Structure formats: structure tokens, C-alpha cells
Protein chains: 2
Amino acid sequence: MRPNEACAAMDPQAFFWRVMAGELPPPRAVQTLGGRIVRVDAEAGIVETTFQAPDAFANPMGHVQGGFLAAMLDDTLGPALAATLARGQFAPTLQLTVTFLRSARIGLLHGTGRVLRRGREVCHLAGELRQDGEVVASALATALVRQAGPRQAAS
Amino acid sequence: MRPNEACAAMDPQAFFWRVMAGELPPPRAVQTLGGRIVRVDAEAGIVETTFQAPDAFANPMGHVQGGFLAAMLDDTLGPALAATLARGQFAPTLQLTVTFLRSARIGLLHGTGRVLRRGREVCHLAGELRQDGEVVASALATALVRQAGPRQAAS
């Protein structure tokens, strides 16, 4: 099921798929979050991720600071859309809302990101982070598909 | 001006003020974000922060990944409320909405956090991140004042 008719065909030359193929390194931010993409269904607009939260992400209670959960969700919802982009396109997040349901321990987290609606430009995304099978945080985001300028396309 | 009658008097034994006094180290998450609190007005419910975003926070475009801006905003809005807490209280964020207005370069960012309403339990917070004087992201959050359990209060 395609989330929308505007969903681009999977483009192996797009940044996302070149990273998945190991031709380009993952973004620094993803490495910092200990993030990996473990499953992609571009047609369905779904990705599954994992993150390894280190002690460096701890809040005063010793749990993962909520902002880092937000960063993990941003790097889960974003790839669900990135998998549908063509070469030279990018899709900055315009707004991200995160709801914190439970505290998360330092360690492994599992993310699921979904494209709710893939417009030609405006896209709506949703997802969750789980730990030990329980949802610890959920998110909604709006993103905008843009064409990279010459300088950006070259990178 | 106090944001609300329920605003607690500044408690020098509260976690926030012990960190400010150098008696306790800042939370790991704050250190990871290169964060510092540069001004606090607990009566007005306002804090000002700075963050040093390293290359490790870069997205594929080389800008600061939005999720890390969310983490910085969480660590700007949270302290505005934390400055009003008594010893043994903590205030987890229930929901955080971040609006991304401009891309942020790797480097220095300035944050402002405000308590919009300090209820006895439910608190509403707002703030912005600026770079070179321009707002790059704004946030709204809801937090809940809780009493730490014996194990948590001991830490």
C-alpha cells in the first residue's frame, strides 16, 4: 500500500538508499544517537530503527533525557520519508511534537516511523519509540519536500 | 513578576541550585549538548542558556539535526521550571512541540526558556533557540511537578 499517489518510486541514487547500500556513511547525528535502520518498506512508508542510548544522554534521574528521545524520533520519522525521496531532494522537518509516556532507561530502544500522508511537498509523519515492548514516547511531525540547491546536491 | 502564585520559593537545596552552586555536576545530557545556564531569574521563571553543537550533531545537510535542537530546547525550558522546584521535586516533560524556523549551523546557540504558567502540578513552558540573533527553533512544553520517591530523592 502506498501512502499516497505522490510517493516517489524508490531511487537507488537518493541519499537514503546510498547510505543503506553502504556507499555513503550515515549522518553524524545518527551515529551519535547509536542509530540503525533495521527495516524499510518504502512502498508502505514504514521504517524500523534501533538506538543505543549511552550514559551521556542521562537526565538527573538517570533516565534518557526527553530531548534525546525526540532526536531519536526525528531520526525515525525522517527516514520513513527519506526512503521515498529522489536524488537531490531533502525534506526538513517543520514541526515535531513528542509525547513522553514512560521514562526510558539508558540502553536499547526500538523505533517505528510511518508516513501518514506523502504529499508532493507537505508530508505528515508519525512514530513511536519502544523499550522492552512498551511505548516510551510517540511523535507527530510535518516535513516539506525540497529540491536541494547545486551546492547541497553536490554533497 | 512571578508567573504564578504556586511558584515555590527558590530552594538552595534543590537539585537545580546545587548544580548552579557547583556542588553537583550538571546532568550528563546537558554536558553532551555543550549546555550552560548563563542567566536565571527564578521569580520571573526565565533562564538563558548556551549550547555548543559539535559536528557529531550534523544532519546530511551539515546543519544541526532538528532532534538535537529539540534536546537543547528541552534543556532550556526544563531549567526554567527546575529553578522553581523544592528539594526532592522533579518535573518530567509530558509533551514537547518544536517548530523549526531556520537551519542551524554547527556551533554556538543561545536559548531562552520561560514558565508560562506554574501550576501546583501542571506547568506550561515556552522558549526559543537563536543563532546570530535569529530564532532557529521555538518550543512549547507541558511538564508535571512530582515528588521524587526515596530512591530518587537520595541521588
# chains A, B, ... in the order shown; residues from 1 in each chain; ligands from 1
call {"tool": "select_by_dssp", "arguments": {"residues": "segment 1-110 of chain B", "states": "strand (DSSP E or B)", "output": "VMD selection string"}}
result
chain B and resid 36 to 41 46 to 53 58 64 89 to 90 93 to 100 107 to 110
call {"tool": "closest_atom_pairs", "arguments": {"of": "chain A", "to": "chain B", "cutoff": "10 Å", "atoms": "only C-alpha atoms", "output": "JSON lines"}}
result
{"residue": "A:Phe15", "atom": "CA", "partner": "B:Pro60", "partner_atom": "CA", "distance": 8.4}
{"residue": "A:Phe16", "atom": "CA", "partner": "B:Pro60", "partner_atom": "CA", "distance": 9.5}
{"residue": "A:Pro25", "atom": "CA", "partner": "B:Pro60", "partner_atom": "CA", "distance": 9.7}
{"residue": "A:Pro26", "atom": "CA", "partner": "B:Pro60", "partner_atom": "CA", "distance": 8.0}
{"residue": "A:Pro27", "atom": "CA", "partner": "B:Pro60", "partner_atom": "CA", "distance": 5.2}
{"residue": "A:Arg28", "atom": "CA", "partner": "B:Ala56", "partner_atom": "CA", "distance": 5.0}
{"residue": "A:Ala29", "atom": "CA", "partner": "B:Phe57", "partner_atom": "CA", "distance": 4.4}
{"residue": "A:Val30", "atom": "CA", "partner": "B:Asn59", "partner_atom": "CA", "distance": 7.9}
{"residue": "A:Gln31", "atom": "CA", "partner": "B:Ala56", "partner_atom": "CA", "distance": 7.7}
{"residue": "A:Thr32", "atom": "CA", "partner": "B:Ala56", "partner_atom": "CA", "distance": 6.0}
{"residue": "A:Leu33", "atom": "CA", "partner": "B:Phe57", "partner_atom": "CA", "distance": 9.0}
{"residue": "A:Pro54", "atom": "CA", "partner": "B:Ala29", "partner_atom": "CA", "distance": 9.8}
{"residue": "A:Asp55", "atom": "CA", "partner": "B:Arg28", "partner_atom": "CA", "distance": 7.1}
{"residue": "A:Ala56", "atom": "CA", "partner": "B:Arg28", "partner_atom": "CA", "distance": 5.0}
{"residue": "A:Phe57", "atom": "CA", "partner": "B:Ala29", "partner_atom": "CA", "distance": 4.4}
{"residue": "A:Ala58", "atom": "CA", "partner": "B:Ala29", "partner_atom": "CA", "distance": 5.1}
{"residue": "A:Asn59", "atom": "CA", "partner": "B:Pro27", "partner_atom": "CA", "distance": 5.4}
{"residue": "A:Pro60", "atom": "CA", "partner": "B:Pro27", "partner_atom": "CA", "distance": 5.2}
{"residue": "A:Met61", "atom": "CA", "partner": "B:Gln152", "partner_atom": "CA", "distance": 6.8}
{"residue": "A:Gly62", "atom": "CA", "partner": "B:Pro27", "partner_atom": "CA", "distance": 8.5}
{"residue": "A:His63", "atom": "CA", "partner": "B:Ala29", "partner_atom": "CA", "distance": 9.8}
{"residue": "A:Val64", "atom": "CA", "partner": "B:Ala29", "partner_atom": "CA", "distance": 8.0}
{"residue": "A:Gln65", "atom": "CA", "partner": "B:Ala29", "partner_atom": "CA", "distance": 6.4}
{"residue": "A:Gly66", "atom": "CA", "partner": "B:Ala71", "partner_atom": "CA", "distance": 7.0}
{"residue": "A:Gly67", "atom": "CA", "partner": "B:Ala71", "partner_atom": "CA", "distance": 3.4}
{"residue": "A:Phe68", "atom": "CA", "partner": "B:Ala71", "partner_atom": "CA", "distance": 5.6}
{"residue": "A:Leu69", "atom": "CA", "partner": "B:Ala71", "partner_atom": "CA", "distance": 8.2}
{"residue": "A:Ala70", "atom": "CA", "partner": "B:Gly67", "partner_atom": "CA", "distance": 5.6}
{"residue": "A:Ala71", "atom": "CA", "partner": "B:Gly67", "partner_atom": "CA", "distance": 3.4}
{"residue": "A:Met72", "atom": "CA", "partner": "B:Gly67", "partner_atom": "CA", "distance": 7.0}
{"residue": "A:Leu73", "atom": "CA", "partner": "B:Gly67", "partner_atom": "CA", "distance": 7.6}
{"residue": "A:Asp74", "atom": "CA", "partner": "B:Gly67", "partner_atom": "CA", "distance": 5.5}
{"residue": "A:Asp75", "atom": "CA", "partner": "B:Gly67", "partner_atom": "CA", "distance": 7.5}
{"residue": "A:Phe90", "atom": "CA", "partner": "B:Met61", "partner_atom": "CA", "distance": 8.7}
{"residue": "A:Pro92", "atom": "CA", "partner": "B:Gly66", "partner_atom": "CA", "distance": 8.5}
{"residue": "A:Thr93", "atom": "CA", "partner": "B:Phe100", "partner_atom": "CA", "distance": 6.9}
{"residue": "A:Leu94", "atom": "CA", "partner": "B:Phe100", "partner_atom": "CA", "distance": 5.1}
{"residue": "A:Gln95", "atom": "CA", "partner": "B:Thr99", "partner_atom": "CA", "distance": 4.4}
{"residue": "A:Leu96", "atom": "CA", "partner": "B:Val98", "partner_atom": "CA", "distance": 5.3}
{"residue": "A:Thr97", "atom": "CA", "partner": "B:Thr97", "partner_atom": "CA", "distance": 4.1}
{"residue": "A:Val98", "atom": "CA", "partner": "B:Leu96", "partner_atom": "CA", "distance": 5.3}
{"residue": "A:Thr99", "atom": "CA", "partner": "B:Gln95", "partner_atom": "CA", "distance": 4.4}
{"residue": "A:Phe100", "atom": "CA", "partner": "B:Leu94", "partner_atom": "CA", "distance": 5.1}
{"residue": "A:Leu101", "atom": "CA", "partner": "B:Leu94", "partner_atom": "CA", "distance": 7.2}
{"residue": "A:Arg102", "atom": "CA", "partner": "B:Leu94", "partner_atom": "CA", "distance": 9.2}
{"residue": "A:Ser103", "atom": "CA", "partner": "B:Pro92", "partner_atom": "CA", "distance": 8.8}
{"residue": "A:Ala137", "atom": "CA", "partner": "B:Gln95", "partner_atom": "CA", "distance": 9.3}
{"residue": "A:Ser138", "atom": "CA", "partner": "B:Gln95", "partner_atom": "CA", "distance": 9.6}
{"residue": "A:Ala139", "atom": "CA", "partner": "B:Thr97", "partner_atom": "CA", "distance": 9.3}
{"residue": "A:Leu140", "atom": "CA", "partner": "B:Thr97", "partner_atom": "CA", "distance": 9.3}
{"residue": "A:Ala141", "atom": "CA", "partner": "B:Thr97", "partner_atom": "CA", "distance": 9.4}
{"residue": "A:Thr142", "atom": "CA", "partner": "B:Thr99", "partner_atom": "CA", "distance": 9.6}
{"residue": "A:Ala148", "atom": "CA", "partner": "B:Met61", "partner_atom": "CA", "distance": 9.3}
{"residue": "A:Gln152", "atom": "CA", "partner": "B:Met61", "partner_atom": "CA", "distance": 6.9}
{"residue": "A:Ala153", "atom": "CA", "partner": "B:Met61", "partner_atom": "CA", "distance": 9.3}
{"residue": "A:Ser155", "atom": "CA", "partner": "B:Met61", "partner_atom": "CA", "distance": 7.8}
call {"tool": "atom_distance", "arguments": {"atom1": "atom CA of Met20 of chain A", "atom2": "atom CA of Ala53 of chain A"}}
result
21.5 Å
call {"tool": "closest_residue", "arguments": {"among": "B:Ala143, B:Ile106, B:Leu24, B:Val115", "to": "Gln131 of chain B", "atoms": "only C-alpha atoms"}}
result
B:Ile106
call {"tool": "select_by_dssp", "arguments": {"residues": "chain B", "states": "helix (DSSP H, G or I)", "output": "PyMOL selection string"}}
result
chain B and resi 15-20+28-32+55-57+66-82+150-154
call {"tool": "write_last_selection", "arguments": {"atoms": "C-alpha atoms", "output": "PDB file, in the first residue's frame"}}
result
ATOM      1  CA  PHE B  15      18.987  19.870  42.583  1.00  0.00           C
ATOM      2  CA  PHE B  16      18.978  22.801  40.148  1.00  0.00           C
ATOM      3  CA  TRP B  17      20.508  25.255  42.618  1.00  0.00           C
ATOM      4  CA  ARG B  18      23.072  22.754  43.902  1.00  0.00           C
ATOM      5  CA  VAL B  19      24.267  22.313  40.309  1.00  0.00           C
ATOM      6  CA  MET B  20      24.316  26.100  39.842  1.00  0.00           C
ATOM      7  CA  ARG B  28      25.218  14.142  31.583  1.00  0.00           C
ATOM      8  CA  ALA B  29      22.700  15.117  28.900  1.00  0.00           C
ATOM      9  CA  VAL B  30      23.478  18.821  29.425  1.00  0.00           C
ATOM     10  CA  GLN B  31      27.222  18.165  29.147  1.00  0.00           C
ATOM     11  CA  THR B  32      26.655  16.159  25.950  1.00  0.00           C
ATOM     12  CA  ASP B  55      29.994  18.104  14.270  1.00  0.00           C
ATOM     13  CA  ALA B  56      28.559  14.961  15.862  1.00  0.00           C
ATOM     14  CA  PHE B  57      25.077  16.588  15.718  1.00  0.00           C
ATOM     15  CA  GLY B  66      16.479  19.038  14.400  1.00  0.00           C
ATOM     16  CA  GLY B  67      16.221  16.440  17.126  1.00  0.00           C
ATOM     17  CA  PHE B  68      19.298  17.873  18.833  1.00  0.00           C
ATOM     18  CA  LEU B  69      17.720  21.333  18.686  1.00  0.00           C
ATOM     19  CA  ALA B  70      14.722  19.703  20.416  1.00  0.00           C
ATOM     20  CA  ALA B  71      17.081  18.300  23.060  1.00  0.00           C
ATOM     21  CA  MET B  72      18.582  21.782  23.604  1.00  0.00           C
ATOM     22  CA  LEU B  73      15.109  23.297  23.918  1.00  0.00           C
ATOM     23  CA  ASP B  74      14.130  20.568  26.405  1.00  0.00           C
ATOM     24  CA  ASP B  75      17.226  21.552  28.406  1.00  0.00           C
ATOM     25  CA  THR B  76      16.244  25.224  28.235  1.00  0.00           C
ATOM     26  CA  LEU B  77      12.524  25.022  29.063  1.00  0.00           C
ATOM     27  CA  GLY B  78      13.110  22.385  31.766  1.00  0.00           C
ATOM     28  CA  PRO B  79      15.569  24.503  33.802  1.00  0.00           C
ATOM     29  CA  ALA B  80      13.158  27.490  33.775  1.00  0.00           C
ATOM     30  CA  LEU B  81      10.807  25.262  35.762  1.00  0.00           C
ATOM     31  CA  ALA B  82      13.542  23.418  37.689  1.00  0.00           C
ATOM     32  CA  PRO B 150      13.005   7.707  48.401  1.00  0.00           C
ATOM     33  CA  ARG B 151      15.433   6.117  45.925  1.00  0.00           C
ATOM     34  CA  GLN B 152      15.283   9.095  43.573  1.00  0.00           C
ATOM     35  CA  ALA B 153      15.480  11.701  46.342  1.00  0.00           C
ATOM     36  CA  ALA B 154      18.688  10.079  47.600  1.00  0.00           C
TER      37      ALA B 154
END
call {"tool": "atom_distance", "arguments": {"atom1": "atom CA of Thr84 of chain B", "atom2": "atom CA of Gly34 of chain B"}}
result
23.2 Å
call {"tool": "atom_distance", "arguments": {"atom1": "atom CA of Val47 of chain A", "atom2": "atom CA of Arg114 of chain A"}}
result
6.7 Å
call {"tool": "residues_around", "arguments": {"residues": "Gly111 of chain A", "least_positions_apart": "6", "cutoff": "6 Å", "atoms": "only C-alpha atoms", "output": "PyMOL selection string"}}
result
chain A and resi 48-50+128-129
call {"tool": "closest_residue", "arguments": {"among": "A:Ala104, A:Leu116, A:Ala44, A:Ala14", "to": "Val136 of chain A", "atoms": "only C-alpha atoms"}}
result
A:Ala104
call {"tool": "decode", "arguments": {"residues": "segment 18-153 of chain A", "atoms": "C-alpha atoms", "output": "mmCIF file, in the first residue's frame"}}
result
data_model
loop_
_atom_site.group_PDB
_atom_site.id
_atom_site.type_symbol
_atom_site.label_atom_id
_atom_site.label_comp_id
_atom_site.auth_asym_id
_atom_site.auth_seq_id
_atom_site.Cartn_x
_atom_site.Cartn_y
_atom_site.Cartn_z
ATOM 1 C CA ARG A 18 23.163 5.171 -0.900
ATOM 2 C CA VAL A 19 23.616 5.136 2.885
ATOM 3 C CA MET A 20 21.600 1.912 3.121
ATOM 4 C CA ALA A 21 23.838 0.384 0.417
ATOM 5 C CA GLY A 22 26.944 1.391 2.379
ATOM 6 C CA GLU A 23 28.113 3.786 -0.374
ATOM 7 C CA LEU A 24 27.883 6.814 1.959
ATOM 8 C CA PRO A 25 28.344 6.994 5.733
ATOM 9 C CA PRO A 26 25.246 7.601 7.845
ATOM 10 C CA PRO A 27 24.770 11.208 9.042
ATOM 11 C CA ARG A 28 26.862 12.110 12.080
ATOM 12 C CA ALA A 29 23.717 12.747 14.132
ATOM 13 C CA VAL A 30 22.545 9.156 13.551
ATOM 14 C CA GLN A 31 25.920 7.780 14.639
ATOM 15 C CA THR A 32 25.826 9.972 17.769
ATOM 16 C CA LEU A 33 22.411 8.505 18.656
ATOM 17 C CA GLY A 34 23.699 4.953 18.163
ATOM 18 C CA GLY A 35 21.035 4.640 15.466
ATOM 19 C CA ARG A 36 20.479 1.913 12.870
ATOM 20 C CA ILE A 37 17.732 1.328 10.335
ATOM 21 C CA VAL A 38 16.751 -2.312 10.656
ATOM 22 C CA ARG A 39 13.802 -2.493 8.242
ATOM 23 C CA VAL A 40 12.473 -0.337 5.417
ATOM 24 C CA ASP A 41 9.225 -0.714 3.500
ATOM 25 C CA ALA A 42 9.323 2.322 1.208
ATOM 26 C CA GLU A 43 6.064 1.365 -0.515
ATOM 27 C CA ALA A 44 4.247 1.293 2.818
ATOM 28 C CA GLY A 45 6.205 4.305 4.085
ATOM 29 C CA ILE A 46 7.475 2.451 7.165
ATOM 30 C CA VAL A 47 10.908 2.148 8.754
ATOM 31 C CA GLU A 48 12.066 0.402 11.901
ATOM 32 C CA THR A 49 15.092 1.683 13.795
ATOM 33 C CA THR A 50 17.149 0.884 16.864
ATOM 34 C CA PHE A 51 19.125 3.267 19.077
ATOM 35 C CA GLN A 52 21.683 2.674 21.803
ATOM 36 C CA ALA A 53 21.363 5.452 24.371
ATOM 37 C CA PRO A 54 24.674 5.895 26.213
ATOM 38 C CA ASP A 55 25.140 7.251 29.753
ATOM 39 C CA ALA A 56 25.931 10.591 28.081
ATOM 40 C CA PHE A 57 22.175 11.016 27.403
ATOM 41 C CA ALA A 58 21.140 10.732 31.077
ATOM 42 C CA ASN A 59 18.939 13.297 32.833
ATOM 43 C CA PRO A 60 19.239 13.990 36.590
ATOM 44 C CA MET A 61 17.072 10.899 37.277
ATOM 45 C CA GLY A 62 19.459 8.685 35.306
ATOM 46 C CA HIS A 63 16.905 8.112 32.527
ATOM 47 C CA VAL A 64 17.306 9.146 28.892
ATOM 48 C CA GLN A 65 16.736 12.909 28.680
ATOM 49 C CA GLY A 66 13.490 13.510 26.772
ATOM 50 C CA GLY A 67 15.198 15.679 24.197
ATOM 51 C CA PHE A 68 17.354 12.755 23.094
ATOM 52 C CA LEU A 69 14.210 10.642 22.693
ATOM 53 C CA ALA A 70 12.930 13.485 20.486
ATOM 54 C CA ALA A 71 16.174 13.296 18.474
ATOM 55 C CA MET A 72 15.716 9.514 18.055
ATOM 56 C CA LEU A 73 12.110 10.020 16.934
ATOM 57 C CA ASP A 74 13.238 12.704 14.459
ATOM 58 C CA ASP A 75 15.714 10.140 13.094
ATOM 59 C CA THR A 76 12.951 7.535 12.833
ATOM 60 C CA LEU A 77 10.143 9.590 11.270
ATOM 61 C CA GLY A 78 12.577 11.357 8.903
ATOM 62 C CA PRO A 79 13.931 8.155 7.306
ATOM 63 C CA ALA A 80 10.372 6.878 6.650
ATOM 64 C CA LEU A 81 10.001 9.879 4.358
ATOM 65 C CA ALA A 82 13.626 9.907 3.155
ATOM 66 C CA ALA A 83 13.138 6.407 1.718
ATOM 67 C CA THR A 84 10.612 7.916 -0.725
ATOM 68 C CA LEU A 85 12.772 10.848 -1.889
ATOM 69 C CA ALA A 86 14.503 11.128 -5.248
ATOM 70 C CA ARG A 87 18.152 12.057 -5.718
ATOM 71 C CA GLY A 88 18.713 15.716 -4.861
ATOM 72 C CA GLN A 89 15.599 16.005 -2.733
ATOM 73 C CA PHE A 90 15.624 16.560 1.008
ATOM 74 C CA ALA A 91 12.818 17.008 3.497
ATOM 75 C CA PRO A 92 13.420 19.270 6.505
ATOM 76 C CA THR A 93 11.135 18.772 9.493
ATOM 77 C CA LEU A 94 8.944 21.842 10.037
ATOM 78 C CA GLN A 95 7.383 20.752 13.319
ATOM 79 C CA LEU A 96 7.833 17.842 15.712
ATOM 80 C CA THR A 97 5.577 17.029 18.669
ATOM 81 C CA VAL A 98 6.759 14.404 21.133
ATOM 82 C CA THR A 99 4.616 12.893 23.879
ATOM 83 C CA PHE A 100 6.563 11.221 26.702
ATOM 84 C CA LEU A 101 4.664 8.220 28.069
ATOM 85 C CA ARG A 102 7.252 6.480 30.244
ATOM 86 C CA SER A 103 10.805 7.083 31.348
ATOM 87 C CA ALA A 104 13.373 5.265 29.211
ATOM 88 C CA ARG A 105 16.431 3.557 30.628
ATOM 89 C CA ILE A 106 19.923 4.001 29.213
ATOM 90 C CA GLY A 107 20.302 1.245 26.607
ATOM 91 C CA LEU A 108 18.440 -0.139 23.609
ATOM 92 C CA LEU A 109 15.340 1.494 22.106
ATOM 93 C CA HIS A 110 13.264 0.412 19.115
ATOM 94 C CA GLY A 111 11.639 2.938 16.785
ATOM 95 C CA THR A 112 8.878 2.742 14.207
ATOM 96 C CA GLY A 113 8.295 5.589 11.754
ATOM 97 C CA ARG A 114 5.393 5.932 9.314
ATOM 98 C CA VAL A 115 4.463 8.284 6.505
ATOM 99 C CA LEU A 116 0.843 9.177 7.258
ATOM 100 C CA ARG A 117 0.462 11.242 4.108
ATOM 101 C CA ARG A 118 3.047 11.748 1.376
ATOM 102 C CA GLY A 119 2.083 14.949 -0.365
ATOM 103 C CA ARG A 120 4.101 16.297 -3.258
ATOM 104 C CA GLU A 121 5.583 18.834 -0.818
ATOM 105 C CA VAL A 122 3.880 18.666 2.593
ATOM 106 C CA CYS A 123 4.214 15.330 4.393
ATOM 107 C CA HIS A 124 2.781 14.095 7.681
ATOM 108 C CA LEU A 125 4.698 11.549 9.728
ATOM 109 C CA ALA A 126 4.137 9.586 12.944
ATOM 110 C CA GLY A 127 6.021 7.082 15.053
ATOM 111 C CA GLU A 128 6.902 5.606 18.409
ATOM 112 C CA LEU A 129 9.892 4.563 20.472
ATOM 113 C CA ARG A 130 9.634 1.350 22.479
ATOM 114 C CA GLN A 131 11.698 -0.223 25.222
ATOM 115 C CA ASP A 132 11.046 -3.800 26.317
ATOM 116 C CA GLY A 133 7.913 -3.742 24.140
ATOM 117 C CA GLU A 134 6.359 -0.709 25.829
ATOM 118 C CA VAL A 135 5.915 2.655 24.122
ATOM 119 C CA VAL A 136 8.067 5.252 25.897
ATOM 120 C CA ALA A 137 7.448 8.178 23.519
ATOM 121 C CA SER A 138 5.349 8.942 20.446
ATOM 122 C CA ALA A 139 5.698 11.681 17.861
ATOM 123 C CA LEU A 140 3.949 13.517 15.057
ATOM 124 C CA ALA A 141 5.844 15.580 12.520
ATOM 125 C CA THR A 142 5.313 17.731 9.469
ATOM 126 C CA ALA A 143 8.033 17.844 6.816
ATOM 127 C CA LEU A 144 8.440 19.604 3.483
ATOM 128 C CA VAL A 145 9.995 18.009 0.408
ATOM 129 C CA ARG A 146 12.524 20.387 -1.177
ATOM 130 C CA GLN A 147 14.896 20.234 -4.088
ATOM 131 C CA ALA A 148 18.494 20.711 -2.944
ATOM 132 C CA GLY A 149 20.387 23.637 -4.461
ATOM 133 C CA PRO A 150 23.508 22.984 -6.592
ATOM 134 C CA ARG A 151 25.832 23.255 -3.573
ATOM 135 C CA GLN A 152 23.710 20.888 -1.484
ATOM 136 C CA ALA A 153 23.117 18.411 -4.305
#
